[in-house]
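**Student:** Pasting model00.pdb below, which is PDB, C-alpha atoms.
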```pdb
ATOM      1  CA  MET A   1      22.346  23.977  34.861
ATOM      2  CA  LEU A   2      21.783  26.240  31.848
ATOM      3  CA  GLY A   3      24.281  24.247  29.808
ATOM      4  CA  GLU A   4      22.648  20.962  30.780
ATOM      5  CA  LEU A   5      19.159  22.182  29.861
ATOM      6  CA  ALA A   6      20.486  23.445  26.529
ATOM      7  CA  GLY A   7      22.291  20.191  25.810
ATOM      8  CA  ARG A   8      25.704  21.840  26.182
ATOM      9  CA  SER A   9      28.438  21.893  28.812
ATOM     10  CA  GLY A  10      28.988  24.415  31.553
ATOM     11  CA  SER A  11      32.268  25.462  29.933
ATOM     12  CA  TRP A  12      30.347  26.206  26.703
ATOM     13  CA  VAL A  13      28.090  28.634  28.593
ATOM     14  CA  LYS A  14      31.103  30.219  30.252
ATOM     15  CA  SER A  15      32.782  30.677  26.855
ATOM     16  CA  LEU A  16      29.657  32.465  25.607
ATOM     17  CA  GLU A  17      29.598  34.746  28.636
ATOM     18  CA  THR A  18      33.272  35.671  28.313
ATOM     19  CA  GLY A  19      33.082  36.231  24.550
ATOM     20  CA  ARG A  20      35.417  33.371  23.628
ATOM     21  CA  LEU A  21      32.621  31.915  21.478
ATOM     22  CA  LYS A  22      30.623  33.757  18.836
ATOM     23  CA  LEU A  23      26.858  34.101  19.155
ATOM     24  CA  PRO A  24      25.132  30.743  18.773
ATOM     25  CA  ARG A  25      22.886  30.150  15.784
ATOM     26  CA  LEU A  26      19.340  31.449  16.043
ATOM     27  CA  PRO A  27      17.648  28.149  17.093
ATOM     28  CA  MET A  28      20.053  27.809  20.042
ATOM     29  CA  LEU A  29      19.648  31.478  20.910
ATOM     30  CA  ILE A  30      15.865  31.052  21.041
ATOM     31  CA  ARG A  31      16.297  27.881  23.110
ATOM     32  CA  LEU A  32      18.425  29.757  25.648
ATOM     33  CA  ALA A  33      15.817  32.507  25.785
ATOM     34  CA  GLU A  34      13.087  29.951  26.487
ATOM     35  CA  ILE A  35      15.110  28.333  29.269
ATOM     36  CA  LEU A  36      15.831  31.715  30.857
ATOM     37  CA  ASP A  37      12.262  32.984  30.206
ATOM     38  CA  VAL A  38      13.581  35.964  28.232
ATOM     39  CA  ASN A  39      11.231  37.602  25.703
ATOM     40  CA  ASP A  40      13.637  40.111  24.148
ATOM     41  CA  LEU A  41      16.687  38.471  22.550
ATOM     42  CA  THR A  42      18.687  41.687  22.947
ATOM     43  CA  GLN A  43      18.798  40.878  26.669
ATOM     44  CA  LEU A  44      21.094  38.023  25.616
ATOM     45  CA  THR A  45      22.925  39.646  22.707
ATOM     46  CA  GLY A  46      23.269  43.181  24.071
ATOM     47  CA  GLU A  47      23.877  45.826  21.436
ATOM     48  CA  GLN A  48      25.414  43.314  19.030
ATOM     49  CA  PRO A  49      23.366  43.368  15.770
ATOM     50  CA  LEU A  50      21.683  40.145  14.675
ATOM     51  CA  ALA A  51      23.150  40.037  11.190
ATOM     52  CA  ARG A  52      21.599  37.645   8.678
ATOM     53  CA  SER A  53      25.038  36.237   7.857
ATOM     54  CA  VAL A  54      25.400  35.005  11.438
ATOM     55  CA  TYR A  55      22.274  32.846  11.272
ATOM     56  CA  ALA A  56      21.622  32.057   7.619
ATOM     57  CA  LYS A  57      22.506  28.633   6.280
ATOM     58  CA  ALA A  58      25.608  28.527   4.140
ATOM     59  CA  THR A  59      25.069  28.504   0.377
ATOM     60  CA  HIS A  60      27.249  26.310  -1.826
ATOM     61  CA  PRO A  61      28.717  28.143  -4.847
ATOM     62  CA  ALA A  62      27.142  25.670  -7.307
ATOM     63  CA  LEU A  63      23.634  26.035  -5.843
ATOM     64  CA  PRO A  64      22.281  28.294  -8.637
ATOM     65  CA  LYS A  65      23.373  25.826 -11.323
ATOM     66  CA  VAL A  66      21.885  22.822  -9.506
ATOM     67  CA  THR A  67      18.691  24.772  -8.788
ATOM     68  CA  GLU A  68      18.360  25.709 -12.454
ATOM     69  CA  ALA A  69      18.788  22.068 -13.496
ATOM     70  CA  LEU A  70      16.171  20.946 -10.972
ATOM     71  CA  ALA A  71      13.639  23.587 -11.987
ATOM     72  CA  SER A  72      14.050  23.213 -15.757
ATOM     73  CA  TYR A  73      12.204  20.877 -18.132
ATOM     74  CA  PRO A  74      14.874  19.582 -20.552
ATOM     75  CA  VAL A  75      13.986  18.272 -24.002
ATOM     76  CA  THR A  76      17.517  17.546 -25.246
ATOM     77  CA  PRO A  77      20.558  15.931 -23.587
ATOM     78  CA  SER A  78      23.113  18.087 -21.814
ATOM     79  CA  THR A  79      25.673  17.528 -24.607
ATOM     80  CA  GLU A  80      25.659  16.027 -28.080
ATOM     81  CA  ASN A  81      27.677  13.043 -26.873
ATOM     82  CA  ALA A  82      25.721  12.421 -23.661
ATOM     83  CA  ASP A  83      25.351   8.720 -22.800
ATOM     84  CA  LEU A  84      21.651   7.935 -22.389
ATOM     85  CA  PRO A  85      21.431   4.098 -22.498
ATOM     86  CA  PRO A  86      20.417   2.658 -19.079
ATOM     87  CA  GLU A  87      23.815   1.014 -18.575
ATOM     88  CA  ALA A  88      25.686   4.264 -19.172
ATOM     89  CA  LEU A  89      23.352   6.260 -16.927
ATOM     90  CA  SER A  90      23.641   3.620 -14.206
ATOM     91  CA  ALA A  91      27.433   3.931 -14.276
ATOM     92  CA  ARG A  92      27.191   7.732 -14.004
ATOM     93  CA  VAL A  93      24.786   7.498 -11.054
ATOM     94  CA  GLN A  94      27.088   5.009  -9.302
ATOM     95  CA  GLN A  95      30.010   7.380  -9.848
ATOM     96  CA  ALA A  96      28.005  10.190  -8.236
ATOM     97  CA  TRP A  97      27.270   8.037  -5.172
ATOM     98  CA  VAL A  98      30.953   7.123  -4.865
ATOM     99  CA  LEU A  99      31.804  10.826  -4.849
ATOM    100  CA  TRP A 100      29.094  11.643  -2.301
ATOM    101  CA  HIS A 101      30.258   8.980   0.130
ATOM    102  CA  GLY A 102      33.990   9.235  -0.509
ATOM    103  CA  ALA A 103      35.024  12.727  -1.593
ATOM    104  CA  ALA A 104      36.542  15.065   0.969
ATOM    105  CA  HIS A 105      34.324  17.907  -0.301
ATOM    106  CA  GLN A 106      31.243  15.916  -1.237
ATOM    107  CA  ARG A 107      29.001  18.803  -2.288
ATOM    108  CA  SER A 108      31.594  20.282  -4.604
ATOM    109  CA  ALA A 109      32.336  16.879  -6.105
ATOM    110  CA  VAL A 110      28.691  15.937  -6.703
ATOM    111  CA  ALA A 111      27.792  19.411  -7.974
ATOM    112  CA  THR A 112      30.071  18.843 -10.969
ATOM    113  CA  LEU A 113      27.851  15.933 -12.065
ATOM    114  CA  LEU A 114      24.350  16.763 -10.846
ATOM    115  CA  PRO A 115      23.162  19.335 -13.426
ATOM    116  CA  ASN A 116      23.984  17.154 -16.458
ATOM    117  CA  LEU A 117      22.810  14.017 -14.657
ATOM    118  CA  LEU A 118      19.446  15.599 -13.848
ATOM    119  CA  CYS A 119      19.049  16.670 -17.456
ATOM    120  CA  ASP A 120      20.134  13.430 -19.149
ATOM    121  CA  THR A 121      18.216  11.075 -16.874
ATOM    122  CA  ARG A 122      14.978  13.002 -17.373
ATOM    123  CA  VAL A 123      15.477  13.114 -21.158
ATOM    124  CA  ALA A 124      16.182   9.373 -21.200
ATOM    125  CA  VAL A 125      12.930   8.661 -19.331
ATOM    126  CA  ARG A 126      11.029  10.430 -22.071
ATOM    127  CA  GLN A 127      12.882   8.726 -24.913
ATOM    128  CA  LEU A 128      12.813   5.142 -23.652
ATOM    129  CA  ASP A 129       9.936   2.744 -23.060
ATOM    130  CA  GLY A 130       9.185  -0.609 -21.450
ATOM    131  CA  LYS A 131      11.720  -2.119 -19.057
ATOM    132  CA  ASP A 132      14.418   0.398 -20.016
ATOM    133  CA  ARG A 133      12.131   3.289 -19.126
ATOM    134  CA  ARG A 134      11.282   1.801 -15.723
ATOM    135  CA  ARG A 135      14.936   1.119 -15.029
ATOM    136  CA  VAL A 136      15.847   4.735 -15.796
ATOM    137  CA  GLN A 137      12.921   5.933 -13.641
ATOM    138  CA  ALA A 138      14.516   4.099 -10.712
ATOM    139  CA  LEU A 139      17.861   5.734 -11.547
ATOM    140  CA  LEU A 140      16.140   9.123 -11.720
ATOM    141  CA  ALA A 141      14.837   8.567  -8.186
ATOM    142  CA  GLN A 142      18.444   8.096  -7.066
ATOM    143  CA  VAL A 143      19.501  11.295  -8.830
ATOM    144  CA  TYR A 144      16.776  13.156  -6.937
ATOM    145  CA  HIS A 145      18.044  11.567  -3.693
ATOM    146  CA  LEU A 146      21.511  12.950  -4.442
ATOM    147  CA  THR A 147      19.961  16.332  -5.197
ATOM    148  CA  GLN A 148      18.118  16.257  -1.880
ATOM    149  CA  LEU A 149      21.346  15.458  -0.031
ATOM    150  CA  TYR A 150      23.175  18.242  -1.861
ATOM    151  CA  LEU A 151      20.441  20.768  -1.014
ATOM    152  CA  SER A 152      20.192  19.792   2.669
ATOM    153  CA  PHE A 153      21.346  22.417   5.182
ATOM    154  CA  GLN A 154      21.134  25.129   2.529
ATOM    155  CA  PRO A 155      18.554  27.955   2.344
ATOM    156  CA  PRO A 156      16.017  26.658  -0.235
ATOM    157  CA  ALA A 157      14.069  24.229   1.971
ATOM    158  CA  ALA A 158      11.273  24.079  -0.623
ATOM    159  CA  LEU A 159      13.700  22.522  -3.114
ATOM    160  CA  VAL A 160      14.533  19.760  -0.637
ATOM    161  CA  LEU A 161      10.827  18.976  -0.421
ATOM    162  CA  MET A 162      10.535  19.096  -4.215
ATOM    163  CA  SER A 163      13.427  16.684  -4.771
ATOM    164  CA  GLY A 164      12.068  14.247  -2.173
ATOM    165  CA  ASP A 165       8.603  14.310  -3.724
ATOM    166  CA  ARG A 166       9.944  13.888  -7.264
ATOM    167  CA  ALA A 167      12.067  10.954  -6.128
ATOM    168  CA  MET A 168       9.013   9.146  -4.772
ATOM    169  CA  THR A 169       7.059   9.879  -7.967
ATOM    170  CA  ALA A 170       9.887   8.520 -10.133
ATOM    171  CA  ALA A 171      10.158   5.411  -7.944
ATOM    172  CA  GLN A 172       6.418   4.783  -8.213
ATOM    173  CA  ASP A 173       6.514   5.279 -11.985
ATOM    174  CA  ALA A 174       9.303   2.701 -12.101
ATOM    175  CA  ASP A 175       7.023   0.289 -10.207
ATOM    176  CA  ASP A 176      10.147  -0.768  -8.307
ATOM    177  CA  PRO A 177       9.636  -1.765  -4.629
ATOM    178  CA  HIS A 178      13.307  -1.163  -3.832
ATOM    179  CA  ALA A 179      13.209   2.328  -5.354
ATOM    180  CA  MET A 180       9.989   3.175  -3.462
ATOM    181  CA  ALA A 181      11.414   1.928  -0.148
ATOM    182  CA  ALA A 182      14.560   4.024  -0.615
ATOM    183  CA  ALA A 183      12.429   7.045  -1.514
ATOM    184  CA  ALA A 184      10.414   6.534   1.676
ATOM    185  CA  TRP A 185      13.650   6.750   3.705
ATOM    186  CA  TYR A 186      14.495  10.113   2.164
ATOM    187  CA  VAL A 187      10.921  11.424   2.328
ATOM    188  CA  ASN A 188      10.923  10.558   6.032
ATOM    189  CA  HIS A 189      13.834  12.958   6.519
ATOM    190  CA  VAL A 190      11.915  15.690   4.686
ATOM    191  CA  TYR A 191       8.770  15.103   6.742
ATOM    192  CA  ARG A 192      10.688  14.999  10.020
ATOM    193  CA  ASP A 193      12.575  18.236   9.331
ATOM    194  CA  ALA A 194       9.342  19.920   8.235
ATOM    195  CA  GLY A 195       7.624  18.945  11.497
ATOM    196  CA  GLU A 196       5.119  16.665   9.773
ATOM    197  CA  GLU A 197       3.071  14.508  12.156
ATOM    198  CA  HIS A 198       4.967  11.354  13.090
ATOM    199  CA  GLU A 199       1.953   9.185  12.183
ATOM    200  CA  VAL A 200       2.397  10.191   8.523
ATOM    201  CA  ARG A 201       6.074   9.258   8.537
ATOM    202  CA  VAL A 202       5.534   5.941  10.307
ATOM    203  CA  ALA A 203       2.572   5.040   8.085
ATOM    204  CA  LEU A 204       4.660   5.653   4.958
ATOM    205  CA  ALA A 205       7.497   3.465   6.257
ATOM    206  CA  HIS A 206       5.033   0.696   7.180
ATOM    207  CA  GLN A 207       3.445   0.804   3.722
ATOM    208  CA  MET A 208       6.798   0.446   2.001
ATOM    209  CA  CYS A 209       7.882  -2.360   4.349
ATOM    210  CA  ALA A 210       4.870  -4.313   3.081
ATOM    211  CA  LEU A 211       6.363  -4.217  -0.436
ATOM    212  CA  LEU A 212       9.566  -5.941   0.685
ATOM    213  CA  SER A 213      10.473  -9.543   1.484
ATOM    214  CA  PRO A 214      12.753  -9.343   4.545
ATOM    215  CA  ASP A 215      13.225 -13.123   4.474
ATOM    216  CA  LYS A 216      15.437 -12.529   1.423
ATOM    217  CA  ALA A 217      19.021 -11.499   1.971
ATOM    218  CA  GLY A 218      20.386  -8.418   0.265
ATOM    219  CA  PRO A 219      18.476  -5.271  -0.726
ATOM    220  CA  ASP A 220      15.056  -6.383   0.586
ATOM    221  CA  LEU A 221      16.360  -6.982   4.088
ATOM    222  CA  ALA A 222      18.602  -3.893   4.023
ATOM    223  CA  LEU A 223      15.743  -1.617   2.973
ATOM    224  CA  TRP A 224      13.428  -3.231   5.506
ATOM    225  CA  GLY A 225      15.949  -2.448   8.246
ATOM    226  CA  LEU A 226      16.427   1.081   6.915
ATOM    227  CA  LEU A 227      12.693   1.780   7.117
ATOM    228  CA  HIS A 228      12.632   0.566  10.718
ATOM    229  CA  LEU A 229      15.422   3.068  11.396
ATOM    230  CA  ALA A 230      13.166   5.729   9.888
ATOM    231  CA  MET A 231      10.368   4.728  12.263
ATOM    232  CA  ALA A 232      12.772   4.743  15.209
ATOM    233  CA  LEU A 233      13.863   8.295  14.379
ATOM    234  CA  SER A 234      10.249   9.425  14.013
ATOM    235  CA  TYR A 235       9.303   8.083  17.435
ATOM    236  CA  THR A 236      12.447   9.609  18.937
ATOM    237  CA  LYS A 237      11.351  13.019  17.672
ATOM    238  CA  ILE A 238       8.225  12.910  19.868
ATOM    239  CA  GLY A 239       9.879  11.330  22.899
ATOM    240  CA  ARG A 240       8.478   7.789  22.535
ATOM    241  CA  GLU A 241      11.714   6.136  23.522
ATOM    242  CA  GLY A 242      10.271   2.656  23.935
ATOM    243  CA  ASP A 243       8.883   2.584  20.400
ATOM    244  CA  ALA A 244      12.097   4.085  19.054
ATOM    245  CA  LEU A 245      14.235   1.375  20.646
ATOM    246  CA  ARG A 246      11.848  -1.353  19.503
ATOM    247  CA  HIS A 247      12.204  -0.318  15.857
ATOM    248  CA  TRP A 248      15.954   0.189  16.260
ATOM    249  CA  ASP A 249      16.144  -3.429  17.459
ATOM    250  CA  GLU A 250      14.430  -4.528  14.216
ATOM    251  CA  ALA A 251      16.986  -2.591  12.189
ATOM    252  CA  ASP A 252      19.771  -4.111  14.278
ATOM    253  CA  ARG A 253      18.450  -7.627  13.647
ATOM    254  CA  ALA A 254      18.396  -6.917   9.905
ATOM    255  CA  ALA A 255      21.980  -5.639   9.969
ATOM    256  CA  ARG A 256      23.170  -8.659  11.958
ATOM    257  CA  ALA A 257      21.399 -11.029   9.558
ATOM    258  CA  LEU A 258      23.127  -9.358   6.608
ATOM    259  CA  GLY A 259      26.512  -9.784   8.259
ATOM    260  CA  ASP A 260      29.295  -7.473   9.366
ATOM    261  CA  ASP A 261      30.687  -7.127   5.828
ATOM    262  CA  TYR A 262      27.419  -6.088   4.154
ATOM    263  CA  VAL A 263      26.940  -2.433   3.256
ATOM    264  CA  HIS A 264      24.237  -1.297   0.838
ATOM    265  CA  PRO A 265      26.060   0.141  -2.203
ATOM    266  CA  TRP A 266      24.566   3.635  -2.007
ATOM    267  CA  LEU A 267      22.249   3.780   1.018
ATOM    268  CA  ILE A 268      25.154   2.541   3.162
ATOM    269  CA  PHE A 269      22.852   0.481   5.411
ATOM    270  CA  GLY A 270      24.928  -1.836   7.581
ATOM    271  CA  ARG A 271      26.128  -2.425  11.120
ATOM    272  CA  ALA A 272      28.046   0.872  11.359
ATOM    273  CA  MET A 273      25.020   2.883  10.221
ATOM    274  CA  VAL A 274      22.682   1.181  12.694
ATOM    275  CA  ASP A 275      25.096   1.779  15.579
ATOM    276  CA  ALA A 276      25.624   5.409  14.580
ATOM    277  CA  TYR A 277      21.880   6.058  14.627
ATOM    278  CA  MET A 278      21.659   4.603  18.141
ATOM    279  CA  ILE A 279      23.846   7.520  19.242
ATOM    280  CA  THR A 280      21.391   9.911  17.576
ATOM    281  CA  ILE A 281      18.414   8.207  19.214
ATOM    282  CA  GLN A 282      19.947   8.221  22.693
ATOM    283  CA  ALA A 283      21.062  11.855  22.358
ATOM    284  CA  ASP A 284      17.579  12.938  21.245
ATOM    285  CA  CYS A 285      15.916  10.944  24.017
ATOM    286  CA  ASP A 286      18.250  12.528  26.582
ATOM    287  CA  ALA A 287      17.345  15.960  25.211
ATOM    288  CA  GLN A 288      13.637  15.102  25.499
ATOM    289  CA  ARG A 289      14.101  14.145  29.155
ATOM    290  CA  LEU A 290      15.922  17.416  29.855
ATOM    291  CA  ARG A 291      13.163  19.422  28.176
ATOM    292  CA  HIS A 292      10.428  17.468  29.987
ATOM    293  CA  PRO A 293      11.864  16.634  33.429
ATOM    294  CA  THR A 294       8.455  15.401  34.618
ATOM    295  CA  GLY A 295       9.097  12.240  32.596
ATOM    296  CA  ARG A 296       6.565  12.727  29.792
ATOM    297  CA  SER A 297       8.751  10.975  27.221
ATOM    298  CA  ARG A 298       9.445   8.092  29.612
ATOM    299  CA  ARG A 299       5.741   7.633  30.313
ATOM    300  CA  ALA A 300       5.082   7.611  26.574
ATOM    301  CA  GLY A 301       7.515   4.690  26.346
ATOM    302  CA  GLN A 302       5.763   2.949  29.231
ATOM    303  CA  ASN A 303       2.417   3.242  27.468
ATOM    304  CA  ALA A 304       3.845   1.725  24.300
ATOM    305  CA  LEU A 305       5.669  -1.199  25.911
ATOM    306  CA  GLY A 306       3.830  -1.774  29.170
ATOM    307  CA  HIS A 307       6.997  -1.240  31.203
ATOM    308  CA  SER A 308       9.711   1.346  31.628
ATOM    309  CA  PRO A 309      12.029   1.420  28.600
ATOM    310  CA  GLN A 310      15.537   0.242  29.378
ATOM    311  CA  LEU A 311      18.794   1.194  27.788
ATOM    312  CA  PRO A 312      19.926  -1.196  25.057
ATOM    313  CA  HIS A 313      21.402  -4.396  26.407
ATOM    314  CA  ARG A 314      25.124  -4.700  27.077
ATOM    315  CA  ARG A 315      26.041  -5.879  23.564
ATOM    316  CA  ASN A 316      24.354  -2.864  21.945
ATOM    317  CA  ARG A 317      25.889  -0.431  24.423
ATOM    318  CA  THR A 318      29.325  -1.854  23.673
ATOM    319  CA  ARG A 319      28.848  -1.427  19.925
ATOM    320  CA  THR A 320      27.503   2.075  20.484
ATOM    321  CA  SER A 321      30.608   3.026  22.410
ATOM    322  CA  HIS A 322      32.761   1.670  19.546
ATOM    323  CA  ALA A 323      30.735   3.722  17.042
ATOM    324  CA  ARG A 324      31.041   6.789  19.253
TER     325      ARG A 324
END
```
Could the structure of this file be written out as structure tokens, please?
**Tutor:**
Amino acid sequence: MLGELAGRSGSWVKSLETGRLKLPRLPMLIRLAEILDVNDLTQLTGEQPLARSVYAKATHPALPKVTEALASYPVTPSTENADLPPEALSARVQQAWVLWHGAAHQRSAVATLLPNLLCDTRVAVRQLDGKDRRRVQALLAQVYHLTQLYLSFQPPAALVLMSGDRAMTAAQDADDPHAMAAAAWYVNHVYRDAGEEHEVRVALAHQMCALLSPDKAGPDLALWGLLHLAMALSYTKIGREGDALRHWDEADRAARALGDDYVHPWLIFGRAMVDAYMITIQADCDAQRLRHPTGRSRRAGQNALGHSPQLPHRRNRTRTSHAR
């Protein structure tokens, strides 16, 4: 029962009790204490010290260099021969995305490019004007997205917030609906992890959806579907399963309309992504039901839809099992 309430198996609990597993991370330890109504964590850990290294997030070796590049205000390119024309910067940003999505050690691979890319893109924004400046602003938003991804799950949470905010600012300065919609996707992750009210996250996604034309194929429809995924995840976080599934269905319709072979070049929106997030949604909804066995999350879905939310229909469940 303890394992089920904690979202783990009975054998996992047994392995903890017998010492075959190390102490769980602090959030899980606190969760176990809440389930067992224990106020003093030493009742669970015994005399074993709660060392910071056991619970702290891992720090990548290149973090200081990336942090310095993010916090600085460059006035000159990273090197004398740095390529600053929009075409050259675009190629460098694309290369960084390829590394992030394809390298075996993505953080290490991207960290070799990020510091210089942050510097050169920001210098280019200052040096260029007109259409070229706006184009580089949109590229700068992507560089901040990569920085946010690199920083995720590392100690400096404030830097994740900074990179997300700067990305949205750069996208707005570019006056590019696609860049702003992509920034809203990443800002949603920041807001959700920070515990921001779900209304703020959903309102932002709705505002950016209004800038897109989902009747067009390609980026407009892909970003429209991505923002509905963001709304689905936000509703999942508060247990509104019905609303979460409704927005997931919109994302699924967008992915199906784009076709099985379509994948956004750097956001990776496509059928596989939509199916993978269904697993996340269902797992989070199951956890909500375990935490609130009285059915609070299910009733929230009933209020939103007027009937009890059902599991996705057979076709979606089949695709989810393939993704799993």
**Student:** For CA of Leu290 in chain A and CA of Arg31 in chain A, quote the distance in Å rounded to one decimal.
**Tutor:**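 So the two atoms, CA of Leu290 in chain A and CA of Arg31 in chain A, lie 12.5 Å apart.
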**Student:** Write out as JSON lines the residues of range 31-145 of chain A that have any atom within 9 Å of an atom of range 149-156 of chain A, one row each with the nearest atom pair and its distance in Å to one decimal, counting all atoms listed in the file, sorted by chain and then rising number.
**Tutor:**
```
{"residue": "A:Ala56", "atom": "CA", "partner": "A:Pro155", "partner_atom": "CA", "distance": 7.4}
{"residue": "A:Lys57", "atom": "CA", "partner": "A:Gln154", "partner_atom": "CA", "distance": 5.3}
{"residue": "A:Ala58", "atom": "CA", "partner": "A:Gln154", "partner_atom": "CA", "distance": 5.8}
{"residue": "A:Thr59", "atom": "CA", "partner": "A:Gln154", "partner_atom": "CA", "distance": 5.6}
{"residue": "A:His60", "atom": "CA", "partner": "A:Gln154", "partner_atom": "CA", "distance": 7.6}
{"residue": "A:Leu63", "atom": "CA", "partner": "A:Leu151", "partner_atom": "CA", "distance": 7.8}
{"residue": "A:Val66", "atom": "CA", "partner": "A:Leu151", "partner_atom": "CA", "distance": 8.9}
{"residue": "A:Thr67", "atom": "CA", "partner": "A:Leu151", "partner_atom": "CA", "distance": 8.9}
{"residue": "A:Trp100", "atom": "CA", "partner": "A:Tyr150", "partner_atom": "CA", "distance": 8.9}
{"residue": "A:Gln106", "atom": "CA", "partner": "A:Tyr150", "partner_atom": "CA", "distance": 8.4}
{"residue": "A:Arg107", "atom": "CA", "partner": "A:Tyr150", "partner_atom": "CA", "distance": 5.9}
{"residue": "A:Val110", "atom": "CA", "partner": "A:Tyr150", "partner_atom": "CA", "distance": 7.7}
{"residue": "A:Ala111", "atom": "CA", "partner": "A:Tyr150", "partner_atom": "CA", "distance": 7.7}
{"residue": "A:Tyr144", "atom": "CA", "partner": "A:Leu149", "partner_atom": "CA", "distance": 8.6}
{"residue": "A:His145", "atom": "CA", "partner": "A:Leu149", "partner_atom": "CA", "distance": 6.3}
```
**Student:** Applying the PyMOL selection byres ((chain A and resi 205-222) around 8) to the file I just gave you, which residues come out? Please list them as a VMD selection string.
**Tutor:** chain A and resid 177 to 178 180 to 181 184 to 185 188 201 to 204 223 to 228 230 to 231 254 to 255 257 to 258 264 269 to 270
**Student:** Could you tell me which residues the PyMOL selection byres ((chain A and resi 121-136) around 9) grabs in this file, written as an MDAnalysis selection string?
**Tutor:** chainID A and resid 73:77 84:86 89:90 116:120 137:141 143 170:171 173:176
**Student:** Which distance in Å separates CA of Asp275 in chain A and CA of Asp243 in chain A, to one decimal?
**Tutor:** 16.9 Å
**Student:** Calculated over all atoms listed in the file, which of the candidates A:Tyr235, A:Arg246, A:Glu68, A:Ser108 has the smallest distance to Leu159 in chain A?
**Tutor:**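 Comparing A:Tyr235, A:Arg246, A:Glu68, A:Ser108 against Leu159 in chain A, the winner is A:Glu68.
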**Student:** Expressed in Å to a single decimal, how great is the separation between CA of Ala232 in chain A and CA of Gly102 in chain A?
**Tutor:**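 Separation of CA of Ala232 in chain A and CA of Gly102 in chain A: 26.8 Å.
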**Student:** When distances are computed from only C-alpha atoms, which of A:Leu267, A:Ala287, A:Val274, A:Ala182 shows the smallest separation from Leu5 in chain A?
**Tutor:**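 Ranking A:Leu267, A:Ala287, A:Val274, A:Ala182 by distance to Leu5 in chain A, first place goes to A:Ala287.
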